[in-house]
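Written below as structure tokens is the structure these notes are about.
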Amino acid sequence: MPYPYVLLSAAVSLDGYLDDTGPERLLLSSPADFDRVDEVRASVDAILVGAGTIRADNPRLLVNSPARRAGRVADGLPEYPLKVTVSGSGDLDPAARFWHTGGEKVLYTTDKGAERARALGIAADVVPLGDALDWRRLLEHLHDVRGVRRLMVEGGGRIHTQLTTQGLADELQLVLAPLFVGDPDAPRLFGPGSYQGGRLRLVETRPLGDVVLMRYEPTAPGTGALPSAADRHWLALACDLAAQCPPSGTAFSVGAVVVAADGTELARGHSREGDDPVVHAEEAALAKADPTDPRLAGATVYSSLEPCARRASRPAPCARLILDAGVRRVVTAWREPDTFVTEADGSAVLTDGGATVLVLPDFEQHAKAPNAHLLGG
């Protein structure tokens with residue numbers, strides 16, 4: 001199921017607080033960072049905050065720059081991104097500035113919360129999600145119904161915690177302010193929870209006045225049949241590797257990456273790599289991994305094309321090589337067509353061998369791009 005790209009944005013003190021407990025909002029960002037945030041807002045399709053942020057801060061969540069708003073309109077977009085909030089109870093102030101500034105608004109809530117919000121006259125599209133809030137259903141609705149491809153999440157800490165612990169945050173944009181709060185009653189960016197293991201990847205650091213922006217991406221694969229944001233990052237890399245394959249008129253161009261449960265890359269490869277004109281991507285990657293590495297048992301193989309179930313050039317197909325390596329989770333972008341092998345079904349071989357297979361179809365075109373000459377494109 002495709003979701004929007006989820007970008008978490010927050011500014012914190014050196015000791016990890018979002019605010020203090022005073023009556024006024026603690027300003028953690030610099031003027032240069034406020035302008036950066038405005039630029040990011042102008043670049044996304046929707047901005048989300050939790051109900052607690054609306055109650056505590058009464059934000060407007062606007063793109064403040066007239067030039068940036070004009071640029072959105074020139075690109076055929078609404079002047080302002082869609083504004084989104086989440087409330088299980090639906091108990092929100094209908095007079096809050098959130099509802100009466102900017103463009104369209106949507107409230108995601110429970111069935112009971114929807115009744116309350118409508119009774120209060122909340123000026124928004126009210127979308128019930130059932131008996132309880134479900135982030136995956138929410139993101140799927142934003143993507144499929146609202147057309148949101150990039151979602152900026154500006155808090156609060158509970159929202160950031162839920163999206164991160166569920167593996168749904170594609171990026172964290174964290175601004176570190178040079179001050180301390182030190183009040184245990186003040187709100188923190190992240191609360192306790194079952195976070196995925198491993199280190200995040202640092203993508204960028206940038207000074208903005210006296211604060212520093214740090215951008216991170218998750219690396220730890222998901223577990224089981226639920227895709228994580230890191231799964232999308234690794235699959236995108238596999239698709240990029242496919243573009244490095246020497247062209248062929250008789251075989252697909254495929255990329256593959258083997259990633260441990262903690263987000264450590266164990267190996268990567270692509271079709272026809274090196275001096276072997278018939279090597280497959282998964283085969284090339286697994287050949288570089290240590291077969292005695294205990295991390296393989298918890299690893300995920302990312303392949304731009306479904307691992308093969310049958311082949312003439314080697315004794316074992318890639319699906320069997322993956323199982324023999326001990327890997328039990330595979331994420332792919334594209335099921336193998338009948339171009340060279342009729343009714344190929346590597347996913348069935350993997351599943352029968354006890355592996356979980358995920359297909360993320362929103363990467364299919366990325367995977368097909370280096371194979372357009374084989375597909376009549």
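Note on naming: chains are A, B, ... as they come in the structure tokens, residues start from 1 per chain, ligands start from 1 in the order shown.
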
Which residues in region 39-202 of chain A does DSSP call strand (DSSP E or B)? List them as a VMD selection string. chain A and resid 46 to 50 82 to 87 105 to 109 125 to 128 150 to 153 171 to 176 188 201 to 202

Might you pull out every residue within 12 Å of region 30-37 of chain A, with only C-alpha atoms counted and same-chain residues fewer than 6 positions away left off, and present them as a PyMOL selection string? chain A and resi 7-12+43-44+47+61-65+68+152-154+173-178+206-214

Region 228-242 of chain A: which residues within 8 Å, counting only C-alpha atoms, same-chain residues fewer than 2 positions away excluded, as a PyMOL selection string? chain A and resi 166-170+217-222+226+244-245+253-257+269-271+302-304+331-333+363+366-367+370

Can you write out the residues you just picked, keeping N, CA, C and O atoms, as a CSV table (one decimal), in the first residue's frame?
```csv
chain,number,residue,atom,x,y,z
A,166,GLN,N,6.4,3.1,14.7
A,166,GLN,CA,5.7,2.2,13.7
A,166,GLN,C,6.5,2.1,12.4
A,166,GLN,O,6.0,1.5,11.4
A,167,GLY,N,7.6,2.8,12.3
A,167,GLY,CA,8.4,2.7,11.1
A,167,GLY,C,7.9,3.4,9.9
A,167,GLY,O,8.1,3.0,8.8
A,168,LEU,N,7.1,4.5,10.2
A,168,LEU,CA,6.4,5.2,9.1
A,168,LEU,C,7.1,6.6,8.7
A,168,LEU,O,6.6,7.2,7.8
A,169,ALA,N,8.1,6.9,9.4
A,169,ALA,CA,8.7,8.2,9.2
A,169,ALA,C,9.9,8.0,8.2
A,169,ALA,O,10.8,7.3,8.5
A,170,ASP,N,9.8,8.7,7.0
A,170,ASP,CA,10.9,8.6,6.0
A,170,ASP,C,12.1,9.5,6.4
A,170,ASP,O,13.2,9.2,5.9
A,217,GLU,N,17.7,9.8,8.0
A,217,GLU,CA,16.8,8.8,7.4
A,217,GLU,C,16.9,7.5,8.2
A,217,GLU,O,18.0,7.1,8.7
A,218,PRO,N,15.8,6.7,8.4
A,218,PRO,CA,15.9,5.4,9.1
A,218,PRO,C,16.6,4.4,8.2
A,218,PRO,O,16.6,4.5,7.0
A,219,THR,N,17.2,3.4,8.8
A,219,THR,CA,17.9,2.4,8.1
A,219,THR,C,17.4,1.0,8.4
A,219,THR,O,17.6,0.0,7.6
A,220,ALA,N,16.8,0.8,9.6
A,220,ALA,CA,16.4,-0.6,10.0
A,220,ALA,C,15.2,-1.1,9.2
A,220,ALA,O,14.2,-0.4,9.2
A,221,PRO,N,15.3,-2.2,8.5
A,221,PRO,CA,14.2,-2.8,7.8
A,221,PRO,C,13.0,-3.0,8.7
A,221,PRO,O,13.1,-3.1,9.9
A,222,GLY,N,11.8,-3.1,8.0
A,222,GLY,CA,10.6,-3.5,8.7
A,222,GLY,C,10.7,-4.9,9.2
A,222,GLY,O,11.6,-5.7,8.9
A,226,LEU,N,4.6,-6.0,7.2
A,226,LEU,CA,4.4,-4.5,7.2
A,226,LEU,C,5.6,-3.8,6.7
A,226,LEU,O,6.7,-3.9,7.3
A,244,GLN,N,22.7,0.4,-13.2
A,244,GLN,CA,24.2,0.2,-13.4
A,244,GLN,C,24.5,-1.0,-14.3
A,244,GLN,O,25.6,-1.3,-14.6
A,245,CYS,N,23.5,-1.8,-14.5
A,245,CYS,CA,23.7,-3.1,-15.3
A,245,CYS,C,24.1,-2.8,-16.7
A,245,CYS,O,23.5,-2.0,-17.4
A,253,SER,N,17.6,-6.1,-16.2
A,253,SER,CA,18.6,-5.4,-15.4
A,253,SER,C,18.0,-5.3,-14.0
A,253,SER,O,16.9,-4.7,-13.8
A,254,VAL,N,18.7,-5.8,-13.0
A,254,VAL,CA,18.1,-5.9,-11.6
A,254,VAL,C,19.2,-5.4,-10.6
A,254,VAL,O,20.4,-5.7,-10.8
A,255,GLY,N,18.8,-4.8,-9.5
A,255,GLY,CA,19.7,-4.4,-8.4
A,255,GLY,C,19.2,-5.1,-7.2
A,255,GLY,O,18.0,-5.3,-7.0
A,256,ALA,N,20.1,-5.4,-6.3
A,256,ALA,CA,19.7,-6.0,-5.0
A,256,ALA,C,20.7,-5.5,-3.9
A,256,ALA,O,21.8,-5.2,-4.1
A,257,VAL,N,20.1,-5.5,-2.7
A,257,VAL,CA,20.8,-5.1,-1.5
A,257,VAL,C,20.4,-6.0,-0.3
A,257,VAL,O,19.2,-6.4,-0.2
A,269,GLY,N,24.5,-5.8,-5.1
A,269,GLY,CA,25.0,-6.3,-6.4
A,269,GLY,C,24.0,-5.9,-7.5
A,269,GLY,O,22.9,-5.5,-7.2
A,270,HIS,N,24.4,-6.2,-8.7
A,270,HIS,CA,23.5,-6.0,-9.8
A,270,HIS,C,23.7,-7.0,-10.9
A,270,HIS,O,24.8,-7.6,-10.9
A,271,SER,N,22.8,-7.1,-11.8
A,271,SER,CA,22.9,-8.1,-12.9
A,271,SER,C,24.1,-7.9,-13.7
A,271,SER,O,24.5,-6.7,-14.0
A,302,TYR,N,16.5,-6.8,-0.6
A,302,TYR,CA,15.8,-5.9,-1.5
A,302,TYR,C,16.2,-6.1,-2.9
A,302,TYR,O,17.4,-6.1,-3.2
A,303,SER,N,15.2,-6.4,-3.8
A,303,SER,CA,15.5,-6.7,-5.2
A,303,SER,C,14.5,-5.9,-6.0
A,303,SER,O,13.3,-5.9,-5.8
A,304,SER,N,15.0,-5.2,-7.0
A,304,SER,CA,14.2,-4.4,-7.9
A,304,SER,C,13.2,-5.3,-8.7
A,304,SER,O,12.1,-4.8,-9.0
A,331,VAL,N,11.9,-7.9,-0.1
A,331,VAL,CA,11.1,-6.8,-0.5
A,331,VAL,C,11.4,-6.5,-2.0
A,331,VAL,O,12.6,-6.4,-2.3
A,332,THR,N,10.4,-6.5,-2.8
A,332,THR,CA,10.7,-6.3,-4.2
A,332,THR,C,9.7,-5.2,-4.8
A,332,THR,O,8.6,-5.0,-4.2
A,333,ALA,N,10.0,-4.7,-6.0
A,333,ALA,CA,9.2,-3.7,-6.6
A,333,ALA,C,8.3,-4.2,-7.7
A,333,ALA,O,7.3,-3.5,-8.0
A,363,PHE,N,7.1,1.4,-6.5
A,363,PHE,CA,8.5,1.4,-7.1
A,363,PHE,C,8.6,0.7,-8.4
A,363,PHE,O,9.7,0.6,-9.0
A,366,HIS,N,10.1,2.7,-11.3
A,366,HIS,CA,11.5,2.9,-11.1
A,366,HIS,C,12.3,1.6,-11.5
A,366,HIS,O,13.4,1.7,-12.1
A,367,ALA,N,11.8,0.4,-11.1
A,367,ALA,CA,12.4,-0.8,-11.5
A,367,ALA,C,12.4,-1.1,-12.9
A,367,ALA,O,13.3,-1.8,-13.5
A,370,PRO,N,15.2,0.8,-16.4
A,370,PRO,CA,16.3,0.3,-17.1
A,370,PRO,C,16.0,-0.9,-18.0
A,370,PRO,O,16.9,-1.4,-18.7
```

So that I can see what lies close to Glu79 (chain A), please list as a PyMOL selection string the residues with an atom at most 7 Å from it, counting only C-alpha atoms and leaving out residues fewer than 2 positions away in the same chain. chain A and resi 69-70+72-73+77+81

So that I have them on file, write out the residues from the current selection with all heavy atoms, as a PDB file, in the first residue's frame.
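The result, stored in again32.pdb:
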```pdb
ATOM      1  N   ARG A  69       3.999  31.091  -2.112  1.00  0.00           N
ATOM      2  CA  ARG A  69       2.597  30.760  -2.407  1.00  0.00           C
ATOM      3  C   ARG A  69       2.315  30.954  -3.896  1.00  0.00           C
ATOM      4  O   ARG A  69       1.636  30.129  -4.518  1.00  0.00           O
ATOM      5  CB  ARG A  69       1.658  31.618  -1.561  1.00  0.00           C
ATOM      6  CG  ARG A  69       1.775  31.374  -0.063  1.00  0.00           C
ATOM      7  CD  ARG A  69       0.539  31.860   0.684  1.00  0.00           C
ATOM      8  NE  ARG A  69       0.251  33.257   0.455  1.00  0.00           N
ATOM      9  CZ  ARG A  69       0.717  34.260   1.193  1.00  0.00           C
ATOM     10  NH1 ARG A  69       1.546  34.008   2.207  1.00  0.00           N
ATOM     11  NH2 ARG A  69       0.385  35.505   0.923  1.00  0.00           N
ATOM     12  N   ALA A  70       2.856  32.010  -4.452  1.00  0.00           N
ATOM     13  CA  ALA A  70       2.657  32.254  -5.890  1.00  0.00           C
ATOM     14  C   ALA A  70       3.314  31.151  -6.717  1.00  0.00           C
ATOM     15  O   ALA A  70       2.784  30.745  -7.754  1.00  0.00           O
ATOM     16  CB  ALA A  70       3.228  33.613  -6.269  1.00  0.00           C
ATOM     17  N   ARG A  72       3.629  28.043  -5.835  1.00  0.00           N
ATOM     18  CA  ARG A  72       2.754  26.874  -5.773  1.00  0.00           C
ATOM     19  C   ARG A  72       1.627  27.006  -6.789  1.00  0.00           C
ATOM     20  O   ARG A  72       1.316  26.055  -7.523  1.00  0.00           O
ATOM     21  CB  ARG A  72       2.175  26.714  -4.364  1.00  0.00           C
ATOM     22  CG  ARG A  72       3.169  26.207  -3.328  1.00  0.00           C
ATOM     23  CD  ARG A  72       2.509  26.111  -1.942  1.00  0.00           C
ATOM     24  NE  ARG A  72       1.333  25.252  -1.941  1.00  0.00           N
ATOM     25  CZ  ARG A  72       1.359  23.936  -1.772  1.00  0.00           C
ATOM     26  NH1 ARG A  72       2.504  23.317  -1.581  1.00  0.00           N
ATOM     27  NH2 ARG A  72       0.231  23.224  -1.792  1.00  0.00           N
ATOM     28  N   VAL A  73       1.017  28.170  -6.822  1.00  0.00           N
ATOM     29  CA  VAL A  73      -0.091  28.389  -7.760  1.00  0.00           C
ATOM     30  C   VAL A  73       0.386  28.258  -9.202  1.00  0.00           C
ATOM     31  O   VAL A  73      -0.284  27.659 -10.054  1.00  0.00           O
ATOM     32  CB  VAL A  73      -0.730  29.769  -7.510  1.00  0.00           C
ATOM     33  CG1 VAL A  73      -1.781  30.076  -8.575  1.00  0.00           C
ATOM     34  CG2 VAL A  73      -1.363  29.817  -6.113  1.00  0.00           C
ATOM     35  N   LEU A  77      -0.675  24.052  -8.079  1.00  0.00           N
ATOM     36  CA  LEU A  77      -1.017  23.562  -6.746  1.00  0.00           C
ATOM     37  C   LEU A  77      -1.880  24.573  -6.015  1.00  0.00           C
ATOM     38  O   LEU A  77      -1.902  25.759  -6.365  1.00  0.00           O
ATOM     39  CB  LEU A  77       0.263  23.317  -5.937  1.00  0.00           C
ATOM     40  CG  LEU A  77       1.247  22.294  -6.509  1.00  0.00           C
ATOM     41  CD1 LEU A  77       2.547  22.328  -5.719  1.00  0.00           C
ATOM     42  CD2 LEU A  77       0.633  20.904  -6.492  1.00  0.00           C
ATOM     43  N   PRO A  81      -0.685  24.247   1.376  1.00  0.00           N
ATOM     44  CA  PRO A  81      -0.833  22.791   1.511  1.00  0.00           C
ATOM     45  C   PRO A  81      -2.080  22.442   2.330  1.00  0.00           C
ATOM     46  O   PRO A  81      -2.566  23.243   3.135  1.00  0.00           O
ATOM     47  CB  PRO A  81       0.439  22.379   2.267  1.00  0.00           C
ATOM     48  CG  PRO A  81       1.395  23.517   2.118  1.00  0.00           C
ATOM     49  CD  PRO A  81       0.552  24.753   2.005  1.00  0.00           C
TER      50      PRO A  81
END
```

As a check of understanding: the span from CA of Asp262 (chain A) to CA of Thr351 (chain A) is 23.1 Å

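Among the candidates A:Ala243, A:Ala96, A:Leu286, A:Ala260, the residue lying nearest to Arg199 (chain A) is A:Ala260 (atoms considered: only C-alpha atoms).
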
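You can rank A:Arg335, A:Ser248, A:Asp111, A:Val327 by their closest distance to Asn371 (chain A) using only C-alpha atoms, and at the top of that list sits A:Ser248.
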
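Relative to CA of His160 (chain A), CA of Ser194 (chain A) is found at 13.0 Å.
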
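Near Leu133 (chain A), within 9 Å and counting only C-alpha atoms, sit Val86, Ser87, Gly88, Tyr108, Thr109, Thr110, Pro128, Leu129, Arg137 and Leu138 of chain A; same-chain residues fewer than 4 positions away were not included.
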
Shell of 6 Å around region 2-4 of chain A, only C-alpha atoms, local chain residues under 3 positions omitted, as a ChimeraX atom specification: /A:139-140,143,148-150

I want to know what sits within 7 Å of Val126 (chain A), based on only C-alpha atoms, with residues of the same chain fewer than 4 positions away left out; could you give that as a PyMOL selection string? chain A and resi 106-108+114

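Here CA of Leu18 (chain A) stands at a distance of 25.3 Å from CA of Pro94 (chain A).
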
Measuring between only C-alpha atoms, which one of A:Tyr5, A:Gly353, A:Glu24, A:Thr223 shows the shortest distance to Leu321 (chain A)? A:Gly353

According to DSSP computed on the backbone, where in region 113-304 of chain A is there helix (DSSP H, G or I)? Give the residues as a short mmCIF file (atom, residue, chain, number, x, y, z; two decimals) with N, CA and C atoms, in the first residue's frame.
```cif
data_model
loop_
_atom_site.label_atom_id
_atom_site.label_comp_id
_atom_site.auth_asym_id
_atom_site.auth_seq_id
_atom_site.Cartn_x
_atom_site.Cartn_y
_atom_site.Cartn_z
N GLY A 113 -15.37 10.06 17.66
CA GLY A 113 -14.80 11.39 17.53
C GLY A 113 -15.40 12.18 16.38
N ALA A 114 -15.76 11.47 15.31
CA ALA A 114 -16.36 12.14 14.16
C ALA A 114 -17.72 12.73 14.54
N GLU A 115 -18.48 11.99 15.33
CA GLU A 115 -19.78 12.50 15.77
C GLU A 115 -19.61 13.79 16.58
N ARG A 116 -18.62 13.79 17.48
CA ARG A 116 -18.41 14.97 18.32
C ARG A 116 -17.93 16.15 17.48
N ALA A 117 -16.98 15.90 16.57
CA ALA A 117 -16.43 16.98 15.76
C ALA A 117 -17.50 17.62 14.88
N ARG A 118 -18.35 16.79 14.31
CA ARG A 118 -19.42 17.33 13.46
C ARG A 118 -20.44 18.10 14.29
N ALA A 119 -20.70 17.61 15.51
CA ALA A 119 -21.62 18.33 16.38
C ALA A 119 -21.06 19.69 16.80
N LEU A 120 -19.74 19.77 16.94
CA LEU A 120 -19.10 21.03 17.30
C LEU A 120 -19.01 22.01 16.13
N TRP A 135 -2.61 4.65 11.94
CA TRP A 135 -1.75 5.51 11.12
C TRP A 135 -1.62 5.00 9.70
N ARG A 136 -1.60 3.70 9.51
CA ARG A 136 -1.44 3.18 8.14
C ARG A 136 -2.69 3.48 7.32
N ARG A 137 -3.86 3.34 7.90
CA ARG A 137 -5.08 3.69 7.18
C ARG A 137 -5.12 5.18 6.89
N LEU A 138 -4.67 5.98 7.85
CA LEU A 138 -4.65 7.43 7.66
C LEU A 138 -3.73 7.81 6.49
N LEU A 139 -2.52 7.25 6.48
CA LEU A 139 -1.57 7.59 5.42
C LEU A 139 -2.05 7.09 4.06
N GLU A 140 -2.65 5.91 4.06
CA GLU A 140 -3.18 5.38 2.80
C GLU A 140 -4.30 6.28 2.27
N HIS A 141 -5.16 6.77 3.16
CA HIS A 141 -6.24 7.66 2.74
C HIS A 141 -5.67 8.97 2.20
N LEU A 142 -4.68 9.52 2.89
CA LEU A 142 -4.06 10.76 2.41
C LEU A 142 -3.49 10.57 1.01
N HIS A 143 -2.84 9.43 0.79
CA HIS A 143 -2.22 9.17 -0.50
C HIS A 143 -3.26 8.93 -1.60
N ASP A 144 -4.20 8.02 -1.33
CA ASP A 144 -5.10 7.56 -2.38
C ASP A 144 -6.27 8.51 -2.63
N GLY A 157 5.10 15.74 20.20
CA GLY A 157 5.96 14.62 20.51
C GLY A 157 5.27 13.27 20.43
N ARG A 158 4.02 13.21 20.81
CA ARG A 158 3.30 11.93 20.76
C ARG A 158 3.15 11.45 19.31
N ILE A 159 2.85 12.39 18.40
CA ILE A 159 2.72 12.04 17.00
C ILE A 159 4.05 11.56 16.44
N HIS A 160 5.13 12.30 16.74
CA HIS A 160 6.45 11.91 16.27
C HIS A 160 6.81 10.51 16.80
N THR A 161 6.49 10.25 18.05
CA THR A 161 6.81 8.95 18.65
C THR A 161 6.05 7.83 17.95
N GLN A 162 4.77 8.02 17.72
CA GLN A 162 3.96 6.98 17.09
C GLN A 162 4.44 6.67 15.67
N LEU A 163 4.69 7.70 14.89
CA LEU A 163 5.13 7.47 13.51
C LEU A 163 6.51 6.82 13.46
N THR A 164 7.38 7.19 14.39
CA THR A 164 8.72 6.62 14.40
C THR A 164 8.72 5.17 14.87
N THR A 165 8.00 4.88 15.95
CA THR A 165 7.99 3.52 16.47
C THR A 165 7.29 2.56 15.51
N ALA A 229 9.37 2.70 6.46
CA ALA A 229 9.98 3.75 5.64
C ALA A 229 11.36 3.32 5.16
N ALA A 230 12.12 2.64 6.01
CA ALA A 230 13.45 2.19 5.61
C ALA A 230 13.37 1.18 4.47
N ASP A 231 12.32 0.36 4.44
CA ASP A 231 12.14 -0.56 3.31
C ASP A 231 12.09 0.21 2.00
N ARG A 232 11.44 1.35 2.01
CA ARG A 232 11.33 2.14 0.79
C ARG A 232 12.69 2.73 0.39
N HIS A 233 13.46 3.17 1.38
CA HIS A 233 14.79 3.70 1.07
C HIS A 233 15.68 2.63 0.44
N TRP A 234 15.69 1.44 1.02
CA TRP A 234 16.56 0.38 0.51
C TRP A 234 16.09 -0.12 -0.86
N LEU A 235 14.76 -0.20 -1.05
CA LEU A 235 14.27 -0.65 -2.35
C LEU A 235 14.59 0.37 -3.43
N ALA A 236 14.52 1.64 -3.09
CA ALA A 236 14.91 2.67 -4.05
C ALA A 236 16.37 2.51 -4.46
N LEU A 237 17.24 2.16 -3.49
CA LEU A 237 18.64 1.92 -3.80
C LEU A 237 18.79 0.73 -4.73
N ALA A 238 18.05 -0.34 -4.48
CA ALA A 238 18.11 -1.51 -5.36
C ALA A 238 17.71 -1.13 -6.79
N CYS A 239 16.69 -0.30 -6.91
CA CYS A 239 16.26 0.15 -8.24
C CYS A 239 17.33 1.01 -8.91
N ASP A 240 18.01 1.84 -8.11
CA ASP A 240 19.11 2.63 -8.65
C ASP A 240 20.24 1.73 -9.15
N LEU A 241 20.53 0.66 -8.41
CA LEU A 241 21.59 -0.26 -8.82
C LEU A 241 21.26 -0.95 -10.14
N ALA A 242 19.97 -1.17 -10.41
CA ALA A 242 19.58 -1.81 -11.66
C ALA A 242 20.01 -0.99 -12.87
N ALA A 281 21.38 -10.29 -9.84
CA ALA A 281 21.66 -9.29 -8.81
C ALA A 281 21.72 -9.91 -7.41
N GLU A 282 20.71 -10.72 -7.06
CA GLU A 282 20.69 -11.32 -5.73
C GLU A 282 21.87 -12.26 -5.55
N GLU A 283 22.20 -12.99 -6.60
CA GLU A 283 23.34 -13.90 -6.58
C GLU A 283 24.64 -13.13 -6.35
N ALA A 284 24.80 -12.00 -7.06
CA ALA A 284 26.02 -11.19 -6.91
C ALA A 284 26.13 -10.62 -5.51
N ALA A 285 25.00 -10.17 -4.97
CA ALA A 285 25.03 -9.59 -3.61
C ALA A 285 25.34 -10.65 -2.57
N LEU A 286 24.66 -11.79 -2.63
CA LEU A 286 24.86 -12.83 -1.62
C LEU A 286 26.27 -13.41 -1.69
N ALA A 287 26.88 -13.39 -2.86
CA ALA A 287 28.25 -13.90 -2.98
C ALA A 287 29.24 -13.04 -2.21
N LYS A 288 28.89 -11.79 -1.96
CA LYS A 288 29.78 -10.89 -1.21
C LYS A 288 29.55 -10.97 0.29
N PRO A 294 25.79 -14.50 11.23
CA PRO A 294 24.50 -14.79 11.87
C PRO A 294 23.43 -13.75 11.58
N ARG A 295 23.83 -12.57 11.08
CA ARG A 295 22.86 -11.52 10.78
C ARG A 295 22.01 -11.84 9.56
N LEU A 296 22.44 -12.79 8.73
CA LEU A 296 21.65 -13.14 7.55
C LEU A 296 20.28 -13.68 7.93
N ALA A 297 20.18 -14.35 9.05
CA ALA A 297 18.90 -14.94 9.46
C ALA A 297 17.84 -13.87 9.73
N GLY A 298 18.26 -12.68 10.11
CA GLY A 298 17.32 -11.61 10.36
C GLY A 298 17.34 -10.53 9.31
#
```
